[in-house]
Each structure stands twice: as structure tokens, then as C-alpha cells.
Amino acid sequence: PRSVFLSALSLRDAEPRGGPGSAHLVPSSAMSQREMQPAPSQTYVGEQLVTTHSDHTFHNMRTMHNIPDYFLSSFKFSKLQKAGGKGGRPMAFTDDKRFLIKEITPDDHLSLLLHTPVIFERAAQADSLIAPIFLHFSANGKYYICMRNVLPATNGTIWHKRYDLKGNRDDKLMEDEGDDVVEVHKRCFAIHTCWYGCDTIPLCNTPSRQKYYRGKKHAFSCEFTMTPSQSLRIKDSLVRDADVFARAGTMDYSLIVGIVRQGTTDPVPPPDGLKQFVVNANGWTYIYYLGIIDYLQEWTAVKKIAAVIKAPFAPKPLSTVPPPKYAEQFKDRLCAKFVGDGGATLRI
């Protein structure tokens with residue numbers, strides 16, 4: 001139970017021990033062997049000594065992906081900047097753009113401690129679309145994760161389309177033919193862009209909101225042309241991944257989809273460990289990159305209250321729903337987007 005787990009955390013030795021990959025079990029009469037959590041260890045991120053969490057698991061993830069334990073030795077915390085969107089937590093890419101370091105909330109920190117075994121057993125499987133986390137650590141009273149950038153790190157990539165998809169009305173288009181689509185949210189306390197219904201009244205919208213709203217409508221209804229075998233493979237991965245999140249009791253995750261469109265004779269970059277799908281369709285080569293992110297949010301009291309507030313006004317299907325319902329929406333709507341077309345061919 002979560003209450004027992006939190007009690008165990010409070011009883012745990014505060015002094016970090018060991019090094020990367022070490023695991024120390026903390027005995028407690030209130031916990032079964034199954035409920036015991038490894039004590040923290042330490043490593044360096046840049047020049048700062050930080051406390052790692054569950055590093056026995058993340059060490060194994062790093063090993064699977066041929067990533068050394070001290071892969072963040074040159075990172076600088078000063079690079080962290082608040083991000084856009086609703087979350088707004090500070091984040092930064094490494095210099096090579098292959099990894100993203102992100103500050104997480106205390107609730108997400110506890111969620112990750114609790115759900116690491118079940119989520120990363122699935123993430124370690126070759127067919128999973130779950131973006132792997134390679135380090136979970138704390139420093140200066142804050143919590144962080146380092147995860148794989150699910151999109152290629154090549155500078156100058158022009159995206160045909162880039163999406164953040166949840167299988168509900170929070171779907172969004174993030175980039176269109178190399179042009180960023182800035183998020184402009186409806187808020188009841190903002191008079192000129194107040195509540196959801198105002199999207200039907202032109203005078204209530206700024207040009208940036210109109211662009212964002214058009215992108216959301218497109219993201220919600222768009223489809224992706226794949227070969228039949230690619231379509232089946234992606235659908236199976238989406239179902240298996242979402243089922244894991246439903247069992248873990250998390251929601252609000254997203255499938256990131258990045259699409260590069262190029263000529264049929266242009267060279268295709270190597271996958272570099274990413275989930276890459278290449279298809280020829282309609283006279284073009286489309287390179288798809290997929291990855292599921294932001295999978296730590298639990299069904300908290302705050303989320304339950306938000307669901308009650310949104311229910312009468314927000315467009316359906318809602319984004320704030322219990323984890324089993326969220327997983328069903330995610331599977332049903334996103335699987336329907338990946339359409340197997342007999343006219344599409346694999347790029348050789």
C-alpha cells in the first residue's frame with residue numbers, strides 16, 4: 001500500500017551509500033521483502049554529487065543502451081530553463097541533444113519510486129514505445145530524471161509534422177513544416193481567451209490561439225499511413241504499453257510523433273536507438289519517430305477535483321479521467337490513427 005511505502009521512505013537511512021548501480025535494502029518490520037525499496041546511492045552530474053534512486057534498475061537500462069554510468073559528467077545545472085506548456089518544469093538537453101534532464105515534482109518522484117519495477121520491465125522490451133529513463137536523482141532538495149530524447153538529435157531537422165497525442169481533446173500539433181505551434185491555452189481567468197466555447201467567437205481569439213486551436217483539431221482527427229505490418233506492430237506496442245500504465249495507476253501520458261518527409265531517394269538517417277519507422281507513400285518517404293513520455297502522473301485528489309470541474313464544460317473525450325479509462329481512450333484513438341495501407345511500402 002502507498003501509506004506503508006511512504007512510511008518506509010521516512011524510516012530510511014538519510015545517508016547515501018554506495019555508487020552507481022548499488023542496491024541496499026532497508027529492513028523494516030512494517031514492510032514485506034517485496035515492498036522494500038533500495039536505499040539511495042550517489043553519482044556525479046556535472047561537478048555536483050547527487051543522490052540517485054532505484055539506480056539498480058536504471059543502471060541496467062543504461063547498460064542495455066550502451067550508456068556509461070557517468071554519461072552526465074559534463075552537464076551544467078545552469079542550463080535548466082522553465083519549459084512552456086502547462087507543466088512548466090525546468091528542463092534542458094545535453095549538448096549532443098540525445099538526453100533530456102527534467103525537474104519533476106515530489107509526487108512524480110514518489111510515483112517513479114513506486115512504479116519503477118513494473119514500468120521499466122516493460123520499457124526494457126524491444127517493442128515498447130516507452131521513452132526510457134536512465135537516471136533518477138535528487139540535488140539541492142529537488143528531484144530530476146534524465147530520459148532519452150525520443151526525437152533525433154540532428155541539428156537542422158525540419159519536421160513535416162510533430163505531435164503530442166493523448167487520445168483525447170488535449171492532442172496537439174507542436175510543429176508544422178518547420179514552424180513551431182505555440183501553446184495558447186483557454187483559461188477562465190483570462191478575459192480575452194476565456195473558456196472553451198470562446199473558440200467559436202472570432203473576437204475572443206488571438207491569431208496565435210486560432211493557429212493553436214486549428215492544430216489541436218488537426219491532431220485529434222489526423223491519421224498516419226503505414227504499411228499493414230508497421231500498423232499492426234505499432235498498435236500492439238501501444239496496447240501493451242498502455243496496459244502497463246493502467247496497472248500502475250498512472251495517466252496523462254503522451255505519444256510523441258515526429259515525422260520527416262523527404263524524397264524517395266534521399267538517405268535515411270540511422271535509428272540511433274530510437275523507435276523509427278520508414279515508409280514510402282504518395283510519392284514521398286516518411287520517417288516516423290515515436291515515444292511515450294510523461295507517464296508518472298497518478299490519479300490524485302487534485303486530478304479528481306479537476307475532473308469534476310472540467311466535466312460540464314471541457315470538450316470530450318476528457319483528458320482528466322481515471323487511469324483505466326485514460327488507457328482505453330489512449331489505445332482506441334491512437335491505434336485508429338495508424339492506418340495500414342496496401343499501397344504503402346517499406347523503404348529499403
# chains A, B, ... in the order shown; residues from 1 in each chain; ligands from 1
>>> residues_around(residues="A:Ile133", least_positions_apart="6", cutoff="9 Å", atoms="only C-alpha atoms", output="NGL selection string")
:A and (58 or 61-62 or 120 or 145-148)
>>> select_by_dssp(residues="stretch 234-310 of chain A", states="helix (DSSP H, G or I)", output="list in words")
Ile234, Lys235, Asp236, Ser237, Leu238, Val239, Arg240, Asp241, Ala242, Asp243, Val244, Phe245, Ala246, Arg247, Ala248, Ala301, Val302, Lys303, Lys304, Ile305, Ala306, Ala307, Val308, Ile309 and Lys310 of chain A
>>> select_by_dssp(residues="stretch 54-293 of chain A", states="strand (DSSP E or B)", output="ChimeraX atom specification")
/A:81-82,90-93,99-104,130,133-139,142-148,161-165,172-176,179-180,224-226,250-251,254-262,275-281,284-293
>>> atom_distance(atom1="atom CA of A:Val45", atom2="atom CA of A:Tyr295")
23.6 Å
>>> closest_residue(among="A:Ile305, A:Leu334, A:Ala246, A:Leu346", to="A:Phe277", atoms="only C-alpha atoms")
A:Leu346
>>> closest_residue(among="A:Ala83, A:Val321, A:Ala314, A:Ala307", to="A:Val182", atoms="only C-alpha atoms")
A:Ala83
>>> residues_around(residues="A:Asp108", least_positions_apart="4", cutoff="9 Å", atoms="only C-alpha atoms", output="ChimeraX atom specification")
/A:104,112-113,143,296-298
>>> closest_residue(among="A:Arg162, A:Gln48, A:Gly342, A:Gly167", to="A:Lys316", atoms="only C-alpha atoms")
A:Gly167
>>> closest_residue(among="A:Glu103, A:Asp236, A:Asp180, A:Glu223", to="A:Lys211", atoms="only C-alpha atoms")
A:Asp180
>>> closest_residue(among="A:Leu80, A:Leu110, A:Met91, A:Ala248", to="A:Arg122", atoms="only C-alpha atoms")
A:Ala248
>>> closest_residue(among="A:Pro207, A:Pro312, A:Pro68, A:Gly249", to="A:Leu114", atoms="only C-alpha atoms")
A:Gly249
>>> atom_distance(atom1="atom CA of A:Arg209", atom2="atom CA of A:Ser254")
21.5 Å
>>> residues_around(residues="A:Phe93", least_positions_apart="6", cutoff="12 Å", atoms="only C-alpha atoms", output="number ranges by chain")
A: 72, 74-81, 83, 99-102, 145-151, 153
>>> residues_around(residues="A:Arg261", least_positions_apart="6", cutoff="9 Å", atoms="only C-alpha atoms", output="PyMOL selection string")
chain A and resi 158-161+284-288
>>> atom_distance(atom1="atom CA of A:Gly291", atom2="atom CA of A:Ser229")
18.6 Å
>>> decode(residues="stretch 233-255 of chain A", atoms="N, CA and C atoms", output="tab-separated table (two decimals), in the first residue's frame")
chain	number	residue	atom	x	y	z
A	233	ARG	N	2.27	-3.62	-35.81
A	233	ARG	CA	3.34	-3.59	-34.81
A	233	ARG	C	3.15	-2.42	-33.86
A	234	ILE	N	2.85	-1.24	-34.39
A	234	ILE	CA	2.67	-0.06	-33.54
A	234	ILE	C	1.45	-0.21	-32.65
A	235	LYS	N	0.36	-0.71	-33.20
A	235	LYS	CA	-0.86	-0.89	-32.40
A	235	LYS	C	-0.62	-1.86	-31.24
A	236	ASP	N	0.08	-2.95	-31.50
A	236	ASP	CA	0.37	-3.91	-30.45
A	236	ASP	C	1.21	-3.27	-29.34
A	237	SER	N	2.20	-2.45	-29.74
A	237	SER	CA	3.04	-1.77	-28.75
A	237	SER	C	2.24	-0.78	-27.92
A	238	LEU	N	1.37	-0.01	-28.57
A	238	LEU	CA	0.55	0.96	-27.84
A	238	LEU	C	-0.35	0.28	-26.81
A	239	VAL	N	-0.95	-0.84	-27.20
A	239	VAL	CA	-1.85	-1.55	-26.28
A	239	VAL	C	-1.08	-2.09	-25.09
A	240	ARG	N	0.05	-2.73	-25.34
A	240	ARG	CA	0.82	-3.33	-24.24
A	240	ARG	C	1.38	-2.25	-23.31
A	241	ASP	N	1.83	-1.14	-23.85
A	241	ASP	CA	2.36	-0.06	-23.02
A	241	ASP	C	1.26	0.56	-22.16
A	242	ALA	N	0.11	0.86	-22.78
A	242	ALA	CA	-0.99	1.48	-22.03
A	242	ALA	C	-1.53	0.55	-20.95
A	243	ASP	N	-1.54	-0.74	-21.21
A	243	ASP	CA	-2.00	-1.69	-20.19
A	243	ASP	C	-1.09	-1.66	-18.96
A	244	VAL	N	0.20	-1.48	-19.17
A	244	VAL	CA	1.13	-1.37	-18.04
A	244	VAL	C	0.83	-0.13	-17.21
A	245	PHE	N	0.59	1.00	-17.87
A	245	PHE	CA	0.27	2.23	-17.14
A	245	PHE	C	-1.06	2.09	-16.38
A	246	ALA	N	-2.02	1.41	-16.97
A	246	ALA	CA	-3.30	1.20	-16.28
A	246	ALA	C	-3.09	0.38	-15.01
A	247	ARG	N	-2.25	-0.66	-15.09
A	247	ARG	CA	-1.97	-1.47	-13.90
A	247	ARG	C	-1.20	-0.67	-12.86
A	248	ALA	N	-0.32	0.20	-13.30
A	248	ALA	CA	0.46	1.03	-12.37
A	248	ALA	C	-0.39	2.14	-11.77
A	249	GLY	N	-1.49	2.50	-12.43
A	249	GLY	CA	-2.36	3.57	-11.93
A	249	GLY	C	-1.88	4.95	-12.30
A	250	THR	N	-1.25	5.09	-13.47
A	250	THR	CA	-0.82	6.41	-13.93
A	250	THR	C	-1.60	6.81	-15.19
A	251	MET	N	-1.60	8.12	-15.46
A	251	MET	CA	-2.36	8.65	-16.59
A	251	MET	C	-1.68	9.92	-17.09
A	252	ASP	N	-2.29	10.57	-18.06
A	252	ASP	CA	-1.82	11.85	-18.61
A	252	ASP	C	-0.56	11.73	-19.47
A	253	TYR	N	-0.20	10.52	-19.86
A	253	TYR	CA	0.97	10.33	-20.71
A	253	TYR	C	0.65	10.70	-22.16
A	254	SER	N	1.69	10.87	-22.95
A	254	SER	CA	1.55	11.30	-24.34
A	254	SER	C	2.40	10.44	-25.26
A	255	LEU	N	1.92	10.26	-26.48
A	255	LEU	CA	2.74	9.70	-27.55
A	255	LEU	C	3.28	10.86	-28.38
